[in-house]
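Working notes, beginning with the structure itself.
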Amino acid sequence: MPAPAATGIVFVRTDLDNFQIPASWRHVARVSYATSLMRQGVLISTTEHLLSVLYSMGIDNAYVEIDNLEVPILDGSGLPFVRLIEQGGVRQLRRKRRYLLIRRPVSVEDKHKRISILPDETFRLTCDTDYPNPVGRQSLELEVTPERYAVQIAFARTFGWETDLNQMRDMGLIRGASLENAVCFTSTGTLNPEGLRAPDECCRHKALDLIGDLALLGRPLLGHVIAERAGHAMHAALVARIMQDPSLYELLTFDQLASRVTQALVS
């Protein structure tokens, strides 16, 4: 649903008297296999796919009405949400958008995993992944724009391995999983009859997840994000580190950014 300027993205539990949970880093609850938000004991689970689409497609303000605790998985990608936004249309508001510009490098590391953000005047993403066969190592780099996201990222589906299915179900997870909403790998290929939508679909989906977690910053990001085998927990840790240290960023409008770039070029 449309929302006024300065609202941000807000989940509304219509089954719980329209209780609201803002899509903010302050409300991150669980980050194991998905990113869940919680406020006053009320949960919204698996938020990253929808938030990724809204963030990348330039939707700053919206009410997301939902009548249960989990965002629908649809086909396991962000593409259905992109199509719905294209059908519904986007309205420009009068208030100027304020961007979150990274001022100096910041990173989070854990053993062989690492995620960093470097100063940049655009939203740029580098994603490196390394999974068991038959996936292997994959890498992706692109400047994130609505057009590029819709074509290069949104279609990538969530994925997992056949050997992990029983353990995950014993944990109460993936109870609705099927080959219609996820890619399932074996040691030699996939169980999905149609195969992959792209050779590096896994890396592209991890980029989709990463953008969804970065959406919890609450502002459009200007910086170069470099993720090396990172996951939801590291994404959330990086967002929290940035938001807890105002010296790492500044908020400015596009006009202010353009003026600064012009001055730098002239000088």
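Chain labels A, B, ... are given in the sequence in which chains occur in the structure tokens; within each chain residues are numbered consecutively from 1, and ligands are likewise numbered from 1 in the order shown.
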Using only C-alpha atoms, find each residue of region 127-223 of chain A with at least one atom at most 10 Å away from an atom of region 245-252 of chain A; report its shortest atom-to-atom pair and that distance in Å (one decimal), sort the rows by chain and rising residue number, and return the result as a tab-separated table.
```
residue	atom	partner	partner_atom	distance
A:Arg219	CA	A:Leu251	CA	8.5
A:Pro220	CA	A:Leu251	CA	9.7
A:Leu221	CA	A:Leu251	CA	9.7
A:Leu222	CA	A:Tyr249	CA	9.5
A:Gly223	CA	A:Tyr249	CA	9.9
```
Write the selection just made, keeping all heavy atoms, as a compact mmCIF listing (two decimals), in the first residue's frame?
```
# COMPACT_ATOMS: atom_id res chain seq x y z
N ARG A 219 17.71 3.97 4.43
CA ARG A 219 18.01 5.02 3.45
C ARG A 219 18.68 4.41 2.23
O ARG A 219 19.41 3.41 2.37
CB ARG A 219 18.95 6.06 4.04
CG ARG A 219 18.43 6.79 5.27
CD ARG A 219 17.43 7.86 4.89
NE ARG A 219 17.03 8.63 6.06
CZ ARG A 219 16.12 9.60 6.03
NH1 ARG A 219 15.56 9.91 4.86
NH2 ARG A 219 15.79 10.24 7.13
N PRO A 220 18.51 4.98 1.05
CA PRO A 220 19.25 4.51 -0.12
C PRO A 220 20.74 4.65 0.12
O PRO A 220 21.21 5.70 0.57
CB PRO A 220 18.78 5.44 -1.25
CG PRO A 220 17.49 6.01 -0.77
CD PRO A 220 17.59 6.09 0.73
N LEU A 221 21.49 3.61 -0.16
CA LEU A 221 22.92 3.56 0.16
C LEU A 221 23.76 4.06 -1.00
O LEU A 221 23.50 3.75 -2.16
CB LEU A 221 23.31 2.12 0.49
CG LEU A 221 24.79 1.83 0.74
CD1 LEU A 221 25.25 2.52 2.03
CD2 LEU A 221 25.04 0.33 0.83
N LEU A 222 24.79 4.82 -0.67
CA LEU A 222 25.84 5.19 -1.62
C LEU A 222 27.15 4.65 -1.06
O LEU A 222 27.69 5.17 -0.09
CB LEU A 222 25.91 6.72 -1.80
CG LEU A 222 24.68 7.37 -2.42
CD1 LEU A 222 24.85 8.89 -2.46
CD2 LEU A 222 24.41 6.82 -3.81
N GLY A 223 27.63 3.58 -1.67
CA GLY A 223 28.85 2.93 -1.21
C GLY A 223 29.08 1.67 -2.02
O GLY A 223 28.17 1.19 -2.72
```
Quiz item: Do you know which residues are at most 12 Å from region 125-142 of chain A counting only C-alpha atoms, after dropping those on the same chain fewer than 2 positions away, and could you put them as a PyMOL selection string?
Solution: chain A and resi 56+112-120+122-123+144-149+151-153+159-161+163+183-190+196+198-211+214+221-231
Quiz prompt | Residues within 7 Å of Asn181 (chain A), only C-alpha atoms, excluding chain neighbours under 2 positions, as a list in words | solution = Ile73, Leu74, Asp75, Gly76, Ala177, Ser178 and Leu179 of chain A
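Shortest atom-to-atom contact with Ser32 (chain A) among A:Ile66, A:Ala233, A:Val10, A:Arg241: A:Ala233, counting only C-alpha atoms.
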